[in-house]
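First comes the structure, then the notes that go with it.
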Amino acid sequence: MAIPDFQTLMLPVLKASAAGEVKISDVVTHLGKQLALSEEELSELLPSGKQTTFANRVNWAKSYLGKAGLITLTKRGHFEISTRGKTVLASPPPIINIKFLESFPEFKEFREANGQSSATPQPEIVNLKDLTPDEIIRSAYGELHDSLSSELLSKILAAPPDFFERLVVQLLIAMGYGGSAIEAGKALGKSGDGGVDGVIDQDALGLDRIYVQAKRYTDSKVSSGEIRDFFGSLDRFKASKGLFVTTSSFSPAAKETADLLSKRIVLIDGHQLTRLMIRFDIGCRVEETIHIKKIDEEFFE
């Protein structure tokens, strides 16, 4: 048989975790046997040569199940079925696909936040015939980007609280702030000092400084009161600018407050944070580089 697409694998992956915590590599092996895939199919590699096609699709199925809250990531390479997942398996549908997952608010919110919907072309061959080659590439790139962003945020929230401060340090250094890593680390090590979580140099000589507030929230939005408190801290330090970073988001009132205050306060929410991490290679790495070439007309003239 042909290697199943990742949506077809969603239900089998969920069932594989029904008994408790499982390792994703074990699930790949188990499902390969269960589906009676040939050795040739199981060993078929992606163009990058770093992962098999089947393992890649199983991992994508697991990722989407996680976004819908049907499974929970436990530790590196492991996951387990959630209470919601058990409820689904108590009366399982014929197939779990993106349309089914959109019945869960978390998954629907994830899709809408990334500009996707049930009408968005999915990575299925049957839907690609209406797209140009460059549209297919952009669609696939966006899908990969959005999934990586979501996984990065999950990793941050699962890590110890002090990890978030170190993450902010590394990101700001990668963006060109803070001088050396040692200096920046010392600056952000004084958590809660005077109402700020840290001070980092905007230039190597320390002629200008940025005061940082870092809030690792899961569901709570940053309120306007927290923005005003941060503004008061900036005033005490006679600072002209500040950076407020959170893993969640800012309430409309908080955004309006930041715009109206006399000091420049830049707001970075969880979505923007992970985008910057991807842009500056923090917590992620390049797996494969694809070169797209076109005719050099000058060569033939």
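All residue names refer to the structure tokens as shown: chains lettered A, B, ... in order, residues numbered from 1 in each chain, ligands numbered from 1 in order.
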* Asked: What lies within 10 Å of Leu152 in chain A using only C-alpha atoms, ignoring chain neighbours under 6 positions off, as a ChimeraX atom specification?
  -> /A:146,158,270-271,273-275,277-278,282-284
Write the selection just made, keeping N, CA and C atoms, as a PDB file, in the first residue's frame?
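Below is the file result_15.pdb, written as the result:
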ATOM      1  N   ASP A 146       4.364  27.946  10.867  1.00  0.00           N
ATOM      2  CA  ASP A 146       3.339  28.030  11.905  1.00  0.00           C
ATOM      3  C   ASP A 146       3.458  26.893  12.908  1.00  0.00           C
ATOM      4  N   ALA A 158       6.738  24.869  28.963  1.00  0.00           N
ATOM      5  CA  ALA A 158       7.038  23.653  29.720  1.00  0.00           C
ATOM      6  C   ALA A 158       8.365  23.756  30.466  1.00  0.00           C
ATOM      7  N   GLY A 270       3.479  36.319  22.528  1.00  0.00           N
ATOM      8  CA  GLY A 270       4.002  34.976  22.271  1.00  0.00           C
ATOM      9  C   GLY A 270       4.199  34.686  20.796  1.00  0.00           C
ATOM     10  N   HIS A 271       3.256  35.139  19.970  1.00  0.00           N
ATOM     11  CA  HIS A 271       3.356  34.911  18.527  1.00  0.00           C
ATOM     12  C   HIS A 271       4.565  35.631  17.936  1.00  0.00           C
ATOM     13  N   LEU A 273       7.162  36.655  19.599  1.00  0.00           N
ATOM     14  CA  LEU A 273       8.365  36.099  20.220  1.00  0.00           C
ATOM     15  C   LEU A 273       8.891  34.912  19.431  1.00  0.00           C
ATOM     16  N   THR A 274       8.007  33.971  19.114  1.00  0.00           N
ATOM     17  CA  THR A 274       8.454  32.784  18.382  1.00  0.00           C
ATOM     18  C   THR A 274       8.873  33.128  16.957  1.00  0.00           C
ATOM     19  N   ARG A 275       8.239  34.134  16.356  1.00  0.00           N
ATOM     20  CA  ARG A 275       8.645  34.566  15.018  1.00  0.00           C
ATOM     21  C   ARG A 275      10.066  35.119  15.041  1.00  0.00           C
ATOM     22  N   MET A 277      12.319  34.325  17.272  1.00  0.00           N
ATOM     23  CA  MET A 277      13.196  33.190  17.548  1.00  0.00           C
ATOM     24  C   MET A 277      13.550  32.457  16.258  1.00  0.00           C
ATOM     25  N   ILE A 278      12.552  32.256  15.417  1.00  0.00           N
ATOM     26  CA  ILE A 278      12.793  31.571  14.143  1.00  0.00           C
ATOM     27  C   ILE A 278      13.682  32.419  13.241  1.00  0.00           C
ATOM     28  N   ILE A 282      17.001  31.062  17.244  1.00  0.00           N
ATOM     29  CA  ILE A 282      17.051  30.780  18.674  1.00  0.00           C
ATOM     30  C   ILE A 282      16.089  29.634  18.965  1.00  0.00           C
ATOM     31  N   GLY A 283      16.615  28.519  19.444  1.00  0.00           N
ATOM     32  CA  GLY A 283      15.780  27.358  19.749  1.00  0.00           C
ATOM     33  C   GLY A 283      15.392  26.544  18.541  1.00  0.00           C
ATOM     34  N   CYS A 284      15.942  26.879  17.375  1.00  0.00           N
ATOM     35  CA  CYS A 284      15.658  26.114  16.159  1.00  0.00           C
ATOM     36  C   CYS A 284      16.879  26.167  15.251  1.00  0.00           C
TER      37      CYS A 284
END
* Residues near Leu101 in chain A, cut-off 12 Å, only C-alpha atoms, skip fewer than 6 positions along chain, as a PyMOL selection string -> chain A and resi 7+10-11+61+63-70+84-85+88+93+95+107-111+117-118
* Point out the residue among A:Leu153, A:Ala214, A:Leu73, A:Ala239 with the least atom-to-atom distance to Arg166 in chain A, counting only C-alpha atoms. =>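 Of A:Leu153, A:Ala214, A:Leu73, A:Ala239, the one nearest Arg166 in chain A is A:Ala214, counting only C-alpha atoms.
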* To do: Would you mind writing down, as a PyMOL selection string, each residue of range 15-188 of chain A that DSSP on the backbone assigns to strand (DSSP E)?
  => chain A and resi 22-23+71-73+78-81
* To do: Using only C-alpha atoms, pick whichever of A:Thr29, A:Ser150, A:Ser224, A:Thr72 has the shortest atom-to-atom distance to Phe54 in chain A.
  =>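 Counting only C-alpha atoms, the residue closest to Phe54 in chain A is A:Thr29.
Using only C-alpha atoms, the smallest distance between any of A:Ser249, A:Thr257, A:Thr83, A:Ser25 and Asn56 in chain A comes from A:Ser25.
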* Out of range 45-269 of chain A, which residues get helix (DSSP H, G or I) from DSSP, as number ranges by chain? -> A: 53-67, 83-90, 98-101, 105-113, 125-128, 133-158, 161-174, 181-187, 224-236, 252-260
* Asked: What is the CA of Ile292 in chain A to CA of Arg57 in chain A distance in Å?
  ->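 Interatomic distance here is 24.3 Å.
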* Asked: Contacts of Phe244 in chain A at 8 Å or less, counting only C-alpha atoms, minus same-chain residues fewer than 2 places along, as a list in words?
  -> Val212, Gln213, Ala214, Lys215, Gly242, Thr246, Ile265, Val266, Leu267 and Ile268 of chain A
With N, CA and C atoms kept, could you save the residues just selected as a PDB file, in the first residue's frame?
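Here's the written file again21.pdb:
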ATOM      1  N   VAL A 212      13.680  45.808  30.623  1.00  0.00           N
ATOM      2  CA  VAL A 212      12.900  44.672  30.138  1.00  0.00           C
ATOM      3  C   VAL A 212      11.979  44.135  31.224  1.00  0.00           C
ATOM      4  N   GLN A 213      10.756  43.834  30.831  1.00  0.00           N
ATOM      5  CA  GLN A 213       9.805  43.122  31.682  1.00  0.00           C
ATOM      6  C   GLN A 213       9.423  41.847  30.952  1.00  0.00           C
ATOM      7  N   ALA A 214       9.560  40.696  31.621  1.00  0.00           N
ATOM      8  CA  ALA A 214       9.273  39.399  30.990  1.00  0.00           C
ATOM      9  C   ALA A 214       8.229  38.657  31.810  1.00  0.00           C
ATOM     10  N   LYS A 215       7.090  38.342  31.207  1.00  0.00           N
ATOM     11  CA  LYS A 215       6.002  37.646  31.875  1.00  0.00           C
ATOM     12  C   LYS A 215       5.685  36.348  31.137  1.00  0.00           C
ATOM     13  N   GLY A 242      11.290  50.936  26.970  1.00  0.00           N
ATOM     14  CA  GLY A 242      11.198  49.636  27.634  1.00  0.00           C
ATOM     15  C   GLY A 242      10.669  48.569  26.693  1.00  0.00           C
ATOM     16  N   THR A 246       5.973  38.805  26.648  1.00  0.00           N
ATOM     17  CA  THR A 246       5.124  37.811  27.289  1.00  0.00           C
ATOM     18  C   THR A 246       4.922  36.622  26.370  1.00  0.00           C
ATOM     19  N   ILE A 265       7.257  52.055  24.791  1.00  0.00           N
ATOM     20  CA  ILE A 265       7.205  50.692  25.315  1.00  0.00           C
ATOM     21  C   ILE A 265       6.833  49.755  24.171  1.00  0.00           C
ATOM     22  N   VAL A 266       7.751  48.876  23.826  1.00  0.00           N
ATOM     23  CA  VAL A 266       7.517  47.911  22.746  1.00  0.00           C
ATOM     24  C   VAL A 266       6.938  46.636  23.350  1.00  0.00           C
ATOM     25  N   LEU A 267       5.846  46.148  22.769  1.00  0.00           N
ATOM     26  CA  LEU A 267       5.169  44.957  23.259  1.00  0.00           C
ATOM     27  C   LEU A 267       5.466  43.777  22.342  1.00  0.00           C
ATOM     28  N   ILE A 268       5.931  42.680  22.931  1.00  0.00           N
ATOM     29  CA  ILE A 268       6.207  41.449  22.182  1.00  0.00           C
ATOM     30  C   ILE A 268       5.374  40.328  22.779  1.00  0.00           C
TER      31      ILE A 268
END
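Of note, CA of Val168 in chain A and CA of Arg264 in chain A are spaced 18.8 Å apart.
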* Skip Ser240 in chain A itself and residues of its chain fewer than 2 positions away, then list as a ChimeraX atom specification all residues within 12 Å of it, counting only C-alpha atoms. => /A:208-211,230-238,242-243,261-266
Would you write out those residues with N, CA and C atoms, as an mmCIF file, in the first residue's frame?
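The resulting result10.cif:
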data_model
loop_
_atom_site.group_PDB
_atom_site.id
_atom_site.type_symbol
_atom_site.label_atom_id
_atom_site.label_comp_id
_atom_site.auth_asym_id
_atom_site.auth_seq_id
_atom_site.Cartn_x
_atom_site.Cartn_y
_atom_site.Cartn_z
ATOM 1 N N ASP A 208 23.253 53.617 25.955
ATOM 2 C CA ASP A 208 21.795 53.640 26.027
ATOM 3 C C ASP A 208 21.320 52.274 26.524
ATOM 4 N N ARG A 209 20.261 52.275 27.323
ATOM 5 C CA ARG A 209 19.812 51.027 27.913
ATOM 6 C C ARG A 209 18.324 50.789 27.658
ATOM 7 N N ILE A 210 17.981 49.504 27.595
ATOM 8 C CA ILE A 210 16.589 49.090 27.443
ATOM 9 C C ILE A 210 16.192 48.320 28.705
ATOM 10 N N TYR A 211 15.092 48.725 29.308
ATOM 11 C CA TYR A 211 14.595 48.035 30.496
ATOM 12 C C TYR A 211 13.561 47.002 30.056
ATOM 13 N N PHE A 230 4.795 49.057 34.754
ATOM 14 C CA PHE A 230 6.095 49.037 34.077
ATOM 15 C C PHE A 230 6.528 50.461 33.705
ATOM 16 N N PHE A 231 5.554 51.251 33.274
ATOM 17 C CA PHE A 231 5.830 52.658 32.953
ATOM 18 C C PHE A 231 6.354 53.390 34.189
ATOM 19 N N GLY A 232 5.743 53.120 35.350
ATOM 20 C CA GLY A 232 6.198 53.735 36.591
ATOM 21 C C GLY A 232 7.618 53.334 36.931
ATOM 22 N N SER A 233 7.972 52.079 36.660
ATOM 23 C CA SER A 233 9.337 51.610 36.905
ATOM 24 C C SER A 233 10.329 52.324 35.994
ATOM 25 N N LEU A 234 9.937 52.509 34.731
ATOM 26 C CA LEU A 234 10.802 53.231 33.796
ATOM 27 C C LEU A 234 11.021 54.664 34.265
ATOM 28 N N ASP A 235 9.966 55.250 34.807
ATOM 29 C CA ASP A 235 10.065 56.623 35.297
ATOM 30 C C ASP A 235 11.043 56.725 36.468
ATOM 31 N N ARG A 236 11.012 55.722 37.361
ATOM 32 C CA ARG A 236 11.925 55.724 38.511
ATOM 33 C C ARG A 236 13.374 55.628 38.062
ATOM 34 N N PHE A 237 13.614 54.882 36.984
ATOM 35 C CA PHE A 237 14.982 54.722 36.484
ATOM 36 C C PHE A 237 15.367 55.823 35.488
ATOM 37 N N LYS A 238 14.432 56.765 35.279
ATOM 38 C CA LYS A 238 14.659 57.829 34.295
ATOM 39 C C LYS A 238 14.982 57.257 32.912
ATOM 40 N N GLY A 242 11.290 50.936 26.970
ATOM 41 C CA GLY A 242 11.198 49.636 27.634
ATOM 42 C C GLY A 242 10.669 48.569 26.693
ATOM 43 N N LEU A 243 10.936 47.329 27.044
ATOM 44 C CA LEU A 243 10.497 46.173 26.255
ATOM 45 C C LEU A 243 9.701 45.247 27.159
ATOM 46 N N LEU A 261 1.119 56.268 26.385
ATOM 47 C CA LEU A 261 2.096 56.716 27.378
ATOM 48 C C LEU A 261 3.232 57.499 26.719
ATOM 49 N N SER A 262 3.871 58.338 27.512
ATOM 50 C CA SER A 262 4.903 59.236 26.976
ATOM 51 C C SER A 262 6.224 58.525 26.693
ATOM 52 N N LYS A 263 6.427 57.370 27.293
ATOM 53 C CA LYS A 263 7.669 56.619 27.054
ATOM 54 C C LYS A 263 7.418 55.506 26.040
ATOM 55 N N ARG A 264 8.419 55.206 25.254
ATOM 56 C CA ARG A 264 8.309 54.183 24.219
ATOM 57 C C ARG A 264 8.370 52.802 24.856
ATOM 58 N N ILE A 265 7.257 52.055 24.791
ATOM 59 C CA ILE A 265 7.205 50.692 25.315
ATOM 60 C C ILE A 265 6.833 49.755 24.171
ATOM 61 N N VAL A 266 7.751 48.876 23.826
ATOM 62 C CA VAL A 266 7.517 47.911 22.746
ATOM 63 C C VAL A 266 6.938 46.636 23.350
#
